[in-house]
4 protein chains.
Amino acid sequence: MALDFSFTPEQEAFRQYVRDFANREIKPYVREWDEVEQLPTRGIYKKMGDAGLLGLSAPKHLGGQERCYVDLGIAMEELARVDTSCAIIFSVNNTMPALVPGWGDDVVKAVFRGEKLLSIATSEEDAGSDVSNIQTRAEVIDGQFVITGKKIHVSLMPGAHYMGVTAKVFGPDGRGKITFIKVPSDAPGVSCEHMPEMGARGHQLAIVHFDKVRVPATDVLGGKGDGKRVMYARWGVSRCLSALNGLGAAQQVLDDTIEFVRKKNVYGRPIGMYQAISFPIIEHYTKVEACRLMAYKGLWMSDVGENPQKQAGMAKWNGVTTSIDAIAACLQMYGAAGYLKDLGVERRLRDVMALLFTGGTINIMKIIVVQELLGKAFAGLRESGGAA
Amino acid sequence: MALDFSFTPEQEAFRQYVRDFANREIKPYVREWDEVEQLPTRGIYKKMGDAGLLGLSAPKHLGGQERCYVDLGIAMEELARVDTSCAIIFSVNNTMPALVPGWGDDVVKAVFRGEKLLSIATSEEDAGSDVSNIQTRAEVIDGQFVITGKKIHVSLMPGAHYMGVTAKVFGPDGRGKITFIKVPSDAPGVSCEHMPEMGARGHQLAIVHFDKVRVPATDVLGGKGDGKRVMYARWGVSRCLSALNGLGAAQQVLDDTIEFVRKKNVYGRPIGMYQAISFPIIEHYTKVEACRLMAYKGLWMSDVGENPQKQAGMAKWNGVTTSIDAIAACLQMYGAAGYLKDLGVERRLRDVMALLFTGGTINIMKIIVVQELLGKAFAGLRESGGAA
Amino acid sequence: MALDFSFTPEQEAFRQYVRDFANREIKPYVREWDEVEQLPTRGIYKKMGDAGLLGLSAPKHLGGQERCYVDLGIAMEELARVDTSCAIIFSVNNTMPALVPGWGDDVVKAVFRGEKLLSIATSEEDAGSDVSNIQTRAEVIDGQFVITGKKIHVSLMPGAHYMGVTAKVFGPDGRGKITFIKVPSDAPGVSCEHMPEMGARGHQLAIVHFDKVRVPATDVLGGKGDGKRVMYARWGVSRCLSALNGLGAAQQVLDDTIEFVRKKNVYGRPIGMYQAISFPIIEHYTKVEACRLMAYKGLWMSDVGENPQKQAGMAKWNGVTTSIDAIAACLQMYGAAGYLKDLGVERRLRDVMALLFTGGTINIMKIIVVQELLGKAFAGLRESGGAA
Amino acid sequence: MALDFSFTPEQEAFRQYVRDFANREIKPYVREWDEVEQLPTRGIYKKMGDAGLLGLSAPKHLGGQERCYVDLGIAMEELARVDTSCAIIFSVNNTMPALVPGWGDDVVKAVFRGEKLLSIATSEEDAGSDVSNIQTRAEVIDGQFVITGKKIHVSLMPGAHYMGVTAKVFGPDGRGKITFIKVPSDAPGVSCEHMPEMGARGHQLAIVHFDKVRVPATDVLGGKGDGKRVMYARWGVSRCLSALNGLGAAQQVLDDTIEFVRKKNVYGRPIGMYQAISFPIIEHYTKVEACRLMAYKGLWMSDVGENPQKQAGMAKWNGVTTSIDAIAACLQMYGAAGYLKDLGVERRLRDVMALLFTGGTINIMKIIVVQELLGKAFAGLRESGGAA
């Protein structure tokens with residue numbers, strides 16, 4: 001092994017393949033999806049499945065492609081260039097089945113074919129980043145979990161077919177263990193309320209109520225009682241993907257803006273000739289490129305078996321905030337047109353801001369890096385000083 | 001005269017009066033107005049007129065209050081705490097009739113009573129900041145202007161009763177002079193297309209087409225041929241109001257966020273106890289307060305007859321960007337809730353970003369300050385280097 | 001009272017008077033003082049005293065001028081335009097005798113004549129911002145304090161004639177009270193070590209050792225046992241002065257840089273015509289101006305009897321960091337010349353960075369503002385989370 | 001080839017070897033060199049040569065090691081952790097002889113043995129970034145260049161044995177071509193004046209006067225008349241090294257600061273437990289790491305033969321400014337101790353700021369990236385808008 005910043009020819013071809021797919025199947029509908037505020041229509045998941053874009057890193061016997069995580073990153077970037085919501089859905093439905101055991105082979109295969117969607121239901125009113133405070137309970141009665149509680153910010157609902165739901169299951173010792181349970185979304189007692197959001201509306205958020213929802217007590221994701229560990233496991237990869245979700249969008253907006261400022265004339269010359277335009281562009285371009293390397297390094301570390309926690313935490317907080325800054329700066333360069341829906345840049349800004357929250361806030365990412373760099377005692381969660 | 005940072009008791013009472021008005025008449029409907037994307041309903045202008053909030057700085061014989069510009073700022077801040085669009089409308093309909101001569105006393109009085117609305121139609125596809133490049137023409141035929149052209153980003157249209165329209169009128173010497181012409185919006189040949197925007201939707205933008213629209217050649221605002229000078233004249237005040245529009249919103253969001261972080265518990269303590277929360281709050285609070293002083297200084301300079309160009313340019317660029325940064329930071333402190341429509345912070349962010357463009361972009365403000373501080377030759381518009 | 005951003009003609013004349021003094025008596029020697037790393041020579045204090053620049057806000061019967069704190073700010077700005085160290089000395093020797101009782105009328109009068117210098121010795125190795133942790137002890141023996149301990153970062157030593165020294169005096173109940181004691185610097189048992197610093201070298205820091213130093217037990221500054229309260233009292237004013245110390249320097253550097261970029265040609269035109277130069281200049285100029293208003297507001301609040309804690313905390317953290325940023329940006333505009341000693345800008349940067357620490361760090365300022373804005377429980381000092 | 005973020009075991013060993021060398025031979029003397037403001041003493045170049053640290057990327061027949069540019073980066077980082085000046089000298093004396101033809105094999109071999117030093121003399125009063133404006137002339141008389149002119153910011157002088165001097169040589173057509181000429185520094189007519197600087201004092205700057213200095217007209221570096229092309233050639237590598245010079249220093253300061261904040265107690269707990277400390281640390285750490293990847297990518301591109309101009313420009317502007325910001329933030333975390341010479345952090349800040357200017361300013365780097373990204377017409381040098 002030695003430093004190498006190139007992708008293989010096969011990877012470059014794969015990138016082009018995903019780019020073509022995204023431009024053909026997704027791009028024409030992104031404004032529509034933003035307006036209807038619901039899950040992408042037009043059979044987009046089935047098309048993703050047919051195109052082999054789901055199960056990218058999963059084993060072949062489950063219908064996966066056994067690709068490396070770097071390849072996941074490549075696909076993520078290309079989808080993100082076109083739509084943040086589809087890219088979130090791509091990320092969840094690639095990493096959840098592949099990295100979290102317990103969904104069942106049939107479910108996993110169906111997901112990879114683009115026929116079923118998975119969702120995670122973990123946040124609660126008073127338990128966002130602070131996972132251990134959750135109020136949702138699962139009683140064990142007659143070999144079944146009977147789940148009661150309320151989850152918020154549940155993505156892809158209504159619409160997803162199975163949810164991974166965190167609940168406290170109390171053992172004989174009276175201590176509750178957070179358990180990650182597979183729940184069919186059509187189970188009796190499940191109901192949904194839409195939570196309208198600023199952007200990324202295709203990934204759609206809901207409040208999901210669980211009113212004595214019964215599922216087999218064996219339907220535990222990752223093994224009963226270690227739901228927390230399992231949730232942590234997939235985060236290295238998904239945080240890097242989150243960063244690339246933002247960075248892909250930012251790169252596309254930068255590319256478009258460069259085209260625009262090279263052509264748009266004000267006071268008799270292209271506005272790209274004014275340093276108040278060209279300098280911010282290259283500054284944001286530089287930072288986006290630096291963040292890309294960070295994200296790919298995190299994926300590569302996951303591929304070669306190194307612990308990616310610190311790298312992934314750094315990649316995500318910096319990647320997401322850098323992307324938002326870049327897009328916000330580009331928006332301004334279009335003048336008032338940047339503020340109008342027609343151009344679409346304002347939508348990209350609204351969309352990418354979703355990444356500030358999905359899968360852990362920026363402050364949580366920073367706390368993780370503090371933990372890895374200074375030590376656990378300095379991360380200061382419950383005991384001494386953390387952040388929301 | 002000597003340094004004094006206090007408002008008079010009468011001004012404090014006026015502030016409270018406007019705050020009560022805004023909370024009672026505007027606040028309940030802001031989400032509705034955001035969703036319908038059109039001019040505020042429920043007779044809000046009439047109520048403003050009845051409450052004496054229009055014509056604040058205008059002479060009494062026109063139905064005005066003869067208040068100082070600082071008082072305009074006070075009202076602006078309080079309206080802006082509740083709604084950016086109403087605050088824009090307030091600004092336009094206070095400063096346009098009062099600072100631009102030529103609307104006619106009847107029109108002006110009707111505006112101040114809240115019965116008529118004014119609008120300005122100056123931007124074109126290839127003439128935003130670069131005013132002199134406009135393509136709209138007005139031929140003088142039989143004592144009438146015959147106007148043909150297309151304006152974009154026209155606020156309050158459809159809905160406003162009169163527009164101030166910039167057009168090139170060609171004199172006998174063949175040289176075109178930019179003239180600012182009063183055009184009734186129901187004149188034959190006027191037509192509108194809605195331009196959906198990111199936020200501040202109540203102030204509503206449109207493309208307005210002028211197809212051989214005829215108005216009396218005497219209906220010139222500010223005197224034929226010096227439309228440009230007239231437009232510049234009202235900018236000192238309106239730029240400071242623009243800054244306070246953003247700052248009022250930012251202050252309200254900061255106040256709400258402070259309440260929230262004092263109460264919301266994460267990991268067993270109010271999140272306001274974490275420096276990752278409290279430090280950004282006070283940093284933004286400090287900067288917002290500094291920008292307020294800048295804006296009020298600009299209004300005070302206008303009141304005492306000093307040239308406010310440099311001060312107003314500084315107040316606006318810094319005030320608007322500082323407000324956006326503050327609101328964006330607060331949004332994150334709510335976690336994912338900040339991203340949802342229910343809370344309203346995401347709307348405030350979308351709204352306030354309108355101020356990046358209305359009445360001159362940030363880059364134009366900076367160019368104005370360069371011009372005042374380094375000299376005209378350094379502002380580098382046509383000749384040497386400016387910005388969009 | 002009503003908003004007024006003007007200085008009186010008398011104040012403008014005073015500003016000019018101080019500016020002339022600074023240019024004549026201080027400016028020629030600032031590089032020399034930077035190089036020798038010791039207290040300003042050439043009888044500069046005596047000249048300040050003779051010029052009536054000491055005791056500005058003190059009562060006339062003590063030789064003061066009974067000026068308002070705003071006037072102190074004016075003088076501070078003008079001195080700071082020329083030299084940070086002299087401005088620090090000016091601040092200490094104006095505010096310490098005037099705001100802290102107990103030095104004795106003779107000492108105070110001598111300070112105001114520029115014949116004696118005062119210094120404060122409060123910081124210790126493990127007690128900087130955390131005042132209550134001090135190790136210096138004063139035993140009461142035979143009507144005398146017998147002081148033993150070690151202070152660091154003591155400014156103006158050796159050279160100052162009297163020090164205000166914080167020490168713990170233990171009462172009969174065994175509880176130590178922090179007491180602020182007047183100590184002549186030539187008392188037996190006092191010894192000094194020079195602490196070479198990055199800049200502001202004329203204000204000179206030392207380690208001062210107190211080896212059983214005896215002073216009358218009546219020589220308490222501000223009354224025995226309430227040294228802490230007394231120290232806090234003068235901070236509102238001195239923090240605003242600290243901000244203006246930075247801002248005066250930044251303003252001078254900005255003014256000089258504007259002159260430079262208007263004249264210096266690169267690629268055939270003045271570099272001020274490039275937006276990569278002109279935009280940062282006006283951005284920093286704007287922020288410096290905003291911070292000035294904040295600092296003057298804090299002084300005005302002190303003049304009219306309002307509690308200036310929050311305002312002064314905001315003024316200082318923002319004023320000092322803004323000044324440093326402005327100077328650092330200007331330094332770069334000179335190209336490599338900015339990095340050379342000859343130009344003097346690098347010295348201004350080094351100098352002004354002293355203000356990050358003198359009289360409380362930036363983080364301490366922010367904690368104070370958190371305390372005022374969110375509440376004491378949120379400032380999180382000992383109990384829950386503060387900062388160095 | 002495929003993405004790989006690892007160094008080979010041999011590279012890791014080399015890194016440790018250089019680190020040990022730097023700690024043993026350089027670290028003990030850095031404060032001394034800062035104070036005497038002249039070229040490093042104690043035979044440091046000879047030791048570098050003996051240790052095989054010069055000529056790293058040069059051919060073996062010239063005494064080089066034939067290492068890749070990535071290895072140069074590794075050595076640079078490790079030297080930079082300890083001293084910026086030695087790292088600059090390392091960079092110049094590795095890249096100049098290896099990348100610029102014409103010094104002569106004997107000179108090159110002597111440089112690689114650490115027995116001779118090279119220097120470049122290209123800047124003039126009115127020709128810094130704007131190379132083509134140089135005033136230094138070389139007349140060709142009797143097969144000799146007769147050089148007259150004045151260069152500023154010449155590093156390593158007095159002390160270096162040969163200088164690369166840019167001069168205009170006028171051909172028969174009357175057109176001047178910038179030629180890069182080898183000049184022995186002891187040639188008659190060469191004289192020096194010291195230019196004291198803010199930091200990086202060991203790399204020492206001088207004004208060098210050339211008064212009819214005669215050298216053989218064959219002593220052209222890179223071939224007569226294409227000096228400009230030659231100077232550009234080595235910049236890809238040296239810009240990435242410049243970035244790593246800053247980043248190595250920043251990384252060392254961050255590492256030290258992390259150790260410090262883990263141990264230093266304020267208010268009864270390590271200050272690293274306060275988020276106002278820990279968050280900025282990990283934010284700067286993240287950005288430094290991102291910039292490192294950018295710099296190594298630039299070196300890798302040079303190794304594999306890709307054009308590194310854009311990458312190197314991005315790496316340098318971002319790397320250098322990120323390093324300065326990181327060190328400035330760390331400095332503050334030490335409280336007033338950070339401002340004192342003893343700790344050494346203030347020296348690192350002063351040192352690293354040299355990199356804002358050596359080998360092209362930050363603005364020039366940005367212009368280069370604009371040129372690569374938007375196109376040459378948008379870089380706006382002479383014609384339309386550039387920067388100093």
# chains A, B, ... in the order shown; residues from 1 in each chain; ligands from 1

$ residues_around --residues "His209 in chain D" --least-positions-apart "6" --cutoff "10 Å" --atoms "only C-alpha atoms" --output "VMD selection string"
chain D and resid 136 147 to 152 189 to 193

$ write_last_selection --atoms "all heavy atoms" --output "compact mmCIF listing (two decimals), in the first residue's frame"
# COMPACT_ATOMS: atom_id res chain seq x y z
N THR D 136 15.77 44.90 -12.82
CA THR D 136 17.16 44.45 -12.88
C THR D 136 17.52 44.10 -14.33
O THR D 136 16.78 43.38 -14.99
CB THR D 136 17.37 43.24 -11.95
OG1 THR D 136 17.08 43.65 -10.63
CG2 THR D 136 18.79 42.71 -12.04
N ILE D 147 25.32 42.59 -14.56
CA ILE D 147 24.01 42.71 -13.90
C ILE D 147 23.97 43.93 -12.99
O ILE D 147 24.87 44.15 -12.16
CB ILE D 147 23.72 41.45 -13.07
CG1 ILE D 147 23.85 40.20 -13.94
CG2 ILE D 147 22.33 41.53 -12.44
CD1 ILE D 147 23.87 38.91 -13.16
N THR D 148 22.90 44.70 -13.15
CA THR D 148 22.71 45.86 -12.28
C THR D 148 21.26 45.90 -11.83
O THR D 148 20.34 45.79 -12.64
CB THR D 148 23.06 47.17 -13.03
OG1 THR D 148 24.42 47.08 -13.46
CG2 THR D 148 22.89 48.38 -12.12
N GLY D 149 21.09 46.05 -10.54
CA GLY D 149 19.73 46.11 -10.02
C GLY D 149 19.70 45.87 -8.53
O GLY D 149 20.75 45.82 -7.86
N LYS D 150 18.49 45.74 -8.03
CA LYS D 150 18.32 45.61 -6.58
C LYS D 150 17.18 44.63 -6.33
O LYS D 150 16.08 44.81 -6.86
CB LYS D 150 17.97 47.00 -6.02
CG LYS D 150 17.64 47.04 -4.55
CD LYS D 150 17.22 48.47 -4.18
CE LYS D 150 16.51 48.52 -2.84
NZ LYS D 150 15.95 49.87 -2.58
N LYS D 151 17.48 43.62 -5.57
CA LYS D 151 16.45 42.63 -5.23
C LYS D 151 16.10 42.76 -3.75
O LYS D 151 16.97 43.09 -2.92
CB LYS D 151 16.97 41.21 -5.52
CG LYS D 151 17.26 40.96 -7.00
CD LYS D 151 15.97 40.85 -7.81
CE LYS D 151 16.25 40.56 -9.28
NZ LYS D 151 14.99 40.46 -10.06
N ILE D 152 14.86 42.50 -3.43
CA ILE D 152 14.45 42.55 -2.01
C ILE D 152 13.90 41.18 -1.61
O ILE D 152 13.63 40.34 -2.45
CB ILE D 152 13.40 43.65 -1.75
CG1 ILE D 152 12.14 43.40 -2.57
CG2 ILE D 152 13.98 45.03 -2.05
CD1 ILE D 152 11.00 44.36 -2.23
N GLY D 189 30.69 43.41 -6.55
CA GLY D 189 29.50 44.19 -6.90
C GLY D 189 28.25 43.72 -6.19
O GLY D 189 27.21 44.38 -6.25
N VAL D 190 28.32 42.59 -5.50
CA VAL D 190 27.17 42.12 -4.72
C VAL D 190 27.28 42.67 -3.30
O VAL D 190 28.32 42.55 -2.67
CB VAL D 190 27.14 40.57 -4.66
CG1 VAL D 190 26.07 40.10 -3.69
CG2 VAL D 190 26.91 39.98 -6.05
N SER D 191 26.21 43.30 -2.82
CA SER D 191 26.21 43.73 -1.42
C SER D 191 24.82 43.54 -0.81
O SER D 191 23.82 43.49 -1.51
CB SER D 191 26.64 45.20 -1.30
OG SER D 191 25.71 46.01 -1.99
N CYS D 192 24.78 43.40 0.48
CA CYS D 192 23.57 43.01 1.21
C CYS D 192 23.18 43.97 2.32
O CYS D 192 24.04 44.53 2.98
CB CYS D 192 23.83 41.68 1.93
SG CYS D 192 23.62 40.26 0.93
N GLU D 193 21.87 44.09 2.56
CA GLU D 193 21.36 44.75 3.77
C GLU D 193 20.33 43.83 4.41
O GLU D 193 19.44 43.35 3.72
CB GLU D 193 20.61 46.03 3.41
CG GLU D 193 21.44 47.18 2.95
CD GLU D 193 20.49 48.29 2.46
OE1 GLU D 193 19.86 48.95 3.31
OE2 GLU D 193 20.36 48.43 1.23

$ residues_around --residues "Pro9 in chain B" --least-positions-apart "3" --cutoff "9 Å" --atoms "only C-alpha atoms" --output "VMD selection string"
(chain B and resid 12 to 14) or (chain C and resid 1 to 2)

$ calpha_fit_rmsd --fixed "chain D" --moving "chain B"
0.0 Å

$ select_by_dssp --residues "range 150-181 of chain C" --states "strand (DSSP E or B)" --output "ChimeraX atom specification"
/C:150-155,162-170,176-181

$ write_last_selection --atoms "N, CA, C and O atoms" --output "mmCIF file, in the first residue's frame"
data_model
loop_
_atom_site.group_PDB
_atom_site.id
_atom_site.type_symbol
_atom_site.label_atom_id
_atom_site.label_comp_id
_atom_site.auth_asym_id
_atom_site.auth_seq_id
_atom_site.Cartn_x
_atom_site.Cartn_y
_atom_site.Cartn_z
ATOM 1 N N LYS C 150 3.665 34.636 44.909
ATOM 2 C CA LYS C 150 4.314 34.887 43.615
ATOM 3 C C LYS C 150 3.223 35.262 42.606
ATOM 4 O O LYS C 150 2.244 34.531 42.441
ATOM 5 N N LYS C 151 3.394 36.387 41.975
ATOM 6 C CA LYS C 151 2.431 36.821 40.966
ATOM 7 C C LYS C 151 3.102 36.771 39.594
ATOM 8 O O LYS C 151 4.308 37.025 39.475
ATOM 9 N N ILE C 152 2.305 36.479 38.594
ATOM 10 C CA ILE C 152 2.856 36.460 37.240
ATOM 11 C C ILE C 152 2.099 37.461 36.367
ATOM 12 O O ILE C 152 1.052 37.975 36.759
ATOM 13 N N HIS C 153 2.657 37.724 35.205
ATOM 14 C CA HIS C 153 2.032 38.654 34.258
ATOM 15 C C HIS C 153 1.744 40.002 34.904
ATOM 16 O O HIS C 153 0.714 40.616 34.627
ATOM 17 N N VAL C 154 2.629 40.459 35.757
ATOM 18 C CA VAL C 154 2.451 41.771 36.396
ATOM 19 C C VAL C 154 2.978 42.827 35.437
ATOM 20 O O VAL C 154 4.172 42.841 35.119
ATOM 21 N N SER C 155 2.108 43.686 34.998
ATOM 22 C CA SER C 155 2.542 44.671 34.012
ATOM 23 C C SER C 155 3.251 45.833 34.681
ATOM 24 O O SER C 155 3.072 46.094 35.867
ATOM 25 N N TYR C 162 3.804 51.528 42.878
ATOM 26 C CA TYR C 162 2.918 50.795 43.792
ATOM 27 C C TYR C 162 2.185 49.708 43.024
ATOM 28 O O TYR C 162 1.805 49.908 41.871
ATOM 29 N N MET C 163 1.989 48.609 43.700
ATOM 30 C CA MET C 163 1.196 47.528 43.112
ATOM 31 C C MET C 163 -0.076 47.303 43.923
ATOM 32 O O MET C 163 -0.059 47.422 45.157
ATOM 33 N N GLY C 164 -1.150 46.974 43.251
ATOM 34 C CA GLY C 164 -2.328 46.427 43.923
ATOM 35 C C GLY C 164 -2.196 44.920 43.872
ATOM 36 O O GLY C 164 -2.192 44.343 42.788
ATOM 37 N N VAL C 165 -2.052 44.291 45.043
ATOM 38 C CA VAL C 165 -1.754 42.860 45.101
ATOM 39 C C VAL C 165 -2.922 42.122 45.759
ATOM 40 O O VAL C 165 -3.345 42.489 46.861
ATOM 41 N N THR C 166 -3.435 41.102 45.098
ATOM 42 C CA THR C 166 -4.474 40.286 45.732
ATOM 43 C C THR C 166 -3.828 39.201 46.581
ATOM 44 O O THR C 166 -2.874 38.550 46.153
ATOM 45 N N ALA C 167 -4.370 39.043 47.790
ATOM 46 C CA ALA C 167 -3.857 38.003 48.685
ATOM 47 C C ALA C 167 -5.007 37.486 49.530
ATOM 48 O O ALA C 167 -6.012 38.179 49.713
ATOM 49 N N LYS C 168 -4.836 36.279 50.014
ATOM 50 C CA LYS C 168 -5.846 35.740 50.926
ATOM 51 C C LYS C 168 -5.445 36.071 52.365
ATOM 52 O O LYS C 168 -4.358 35.737 52.797
ATOM 53 N N VAL C 169 -6.355 36.752 53.051
ATOM 54 C CA VAL C 169 -6.147 37.053 54.475
ATOM 55 C C VAL C 169 -7.129 36.179 55.239
ATOM 56 O O VAL C 169 -8.331 36.192 54.944
ATOM 57 N N PHE C 170 -6.608 35.412 56.171
ATOM 58 C CA PHE C 170 -7.485 34.496 56.900
ATOM 59 C C PHE C 170 -7.984 35.148 58.185
ATOM 60 O O PHE C 170 -7.214 35.683 58.983
ATOM 61 N N GLY C 176 -10.631 32.358 54.323
ATOM 62 C CA GLY C 176 -9.785 33.346 53.661
ATOM 63 C C GLY C 176 -10.618 34.323 52.848
ATOM 64 O O GLY C 176 -11.546 33.920 52.149
ATOM 65 N N LYS C 177 -10.299 35.597 52.990
ATOM 66 C CA LYS C 177 -10.963 36.584 52.129
ATOM 67 C C LYS C 177 -9.922 37.190 51.203
ATOM 68 O O LYS C 177 -8.841 37.585 51.647
ATOM 69 N N ILE C 178 -10.290 37.263 49.940
ATOM 70 C CA ILE C 178 -9.350 37.871 49.010
ATOM 71 C C ILE C 178 -9.315 39.372 49.270
ATOM 72 O O ILE C 178 -10.352 40.038 49.267
ATOM 73 N N THR C 179 -8.128 39.850 49.526
ATOM 74 C CA THR C 179 -7.960 41.255 49.888
ATOM 75 C C THR C 179 -7.006 41.884 48.888
ATOM 76 O O THR C 179 -6.075 41.232 48.408
ATOM 77 N N PHE C 180 -7.299 43.135 48.548
ATOM 78 C CA PHE C 180 -6.516 43.848 47.538
ATOM 79 C C PHE C 180 -5.641 44.840 48.301
ATOM 80 O O PHE C 180 -6.145 45.773 48.932
ATOM 81 N N ILE C 181 -4.353 44.625 48.288
ATOM 82 C CA ILE C 181 -3.439 45.346 49.163
ATOM 83 C C ILE C 181 -2.486 46.227 48.361
ATOM 84 O O ILE C 181 -1.959 45.817 47.331
#

$ closest_residue --among "C:Thr286, C:Ser91, C:Asn133, C:Asn363" --to "Val237 in chain C" --atoms "only C-alpha atoms"
C:Ser91

$ closest_atom_pairs --of "chain A" --to "chain B" --cutoff "8 Å" --atoms "only C-alpha atoms" --output "CSV"
residue,atom,partner,partner_atom,distance
A:Asp126,CA,B:Val266,CA,7.4
A:Ala127,CA,B:Val266,CA,7.7
A:Gly128,CA,B:Gly335,CA,7.9
A:Asp130,CA,B:Tyr267,CA,6.1
A:His153,CA,B:Ala336,CA,7.4
A:Met195,CA,B:Leu340,CA,6.8
A:Pro196,CA,B:Lys341,CA,5.7
A:Glu197,CA,B:Leu340,CA,4.2
A:Met198,CA,B:Tyr339,CA,5.6
A:Asn265,CA,B:Asp126,CA,7.6
A:Val266,CA,B:Ala388,CA,6.5
A:Tyr267,CA,B:Arg382,CA,4.9
A:Gly268,CA,B:Arg382,CA,6.6
A:Ile271,CA,B:Ala387,CA,6.4
A:Met273,CA,B:Gly385,CA,7.6
A:Tyr274,CA,B:Gly385,CA,5.6
A:Gln275,CA,B:Ala387,CA,7.9
A:Ala276,CA,B:Ala387,CA,6.2
A:Ile277,CA,B:Ala387,CA,6.9
A:Gln332,CA,B:Leu356,CA,7.4
A:Met333,CA,B:Ala388,CA,7.1
A:Gly335,CA,B:Phe357,CA,6.4
A:Ala336,CA,B:Phe357,CA,5.4
A:Tyr339,CA,B:Met198,CA,5.6
A:Leu340,CA,B:Glu197,CA,4.1
A:Lys341,CA,B:Glu197,CA,5.2
A:Asp342,CA,B:Pro196,CA,7.4
A:Glu346,CA,B:Met198,CA,6.3
A:Arg347,CA,B:Met198,CA,7.9
A:Met353,CA,B:Tyr339,CA,7.9
A:Ala354,CA,B:Tyr339,CA,7.0
A:Leu356,CA,B:Gln332,CA,7.4
A:Phe357,CA,B:Ala336,CA,5.4
A:Thr358,CA,B:Ala336,CA,7.7
A:Thr361,CA,B:Gly335,CA,6.9
A:Asn363,CA,B:Ala276,CA,7.5
A:Leu381,CA,B:Tyr267,CA,6.5
A:Arg382,CA,B:Tyr267,CA,4.8
A:Gly385,CA,B:Tyr274,CA,5.5
A:Gly386,CA,B:Tyr274,CA,5.8
A:Ala387,CA,B:Tyr274,CA,5.6
A:Ala388,CA,B:Ile271,CA,6.3

$ residues_around --residues "Asn93 in chain C" --least-positions-apart "6" --cutoff "8 Å" --atoms "only C-alpha atoms" --output "ChimeraX atom specification"
/C:54-55,111-112,117-118

$ residues_around --residues "range 105-109 of chain B" --least-positions-apart "5" --cutoff "9 Å" --atoms "only C-alpha atoms" --output "ChimeraX atom specification"
/B:55,61-64,97-98,114-116,162

$ closest_residue --among "A:Ala243, A:Leu39, A:Ile364, A:Ile324" --to "Ala206 in chain A" --atoms "only C-alpha atoms"
A:Leu39

$ residues_around --residues "Tyr69 in chain C" --least-positions-apart "4" --cutoff "9 Å" --atoms "only C-alpha atoms" --output "MDAnalysis selection string"
chainID C and resid 56:57 73:74 237 296 299:300 302:303
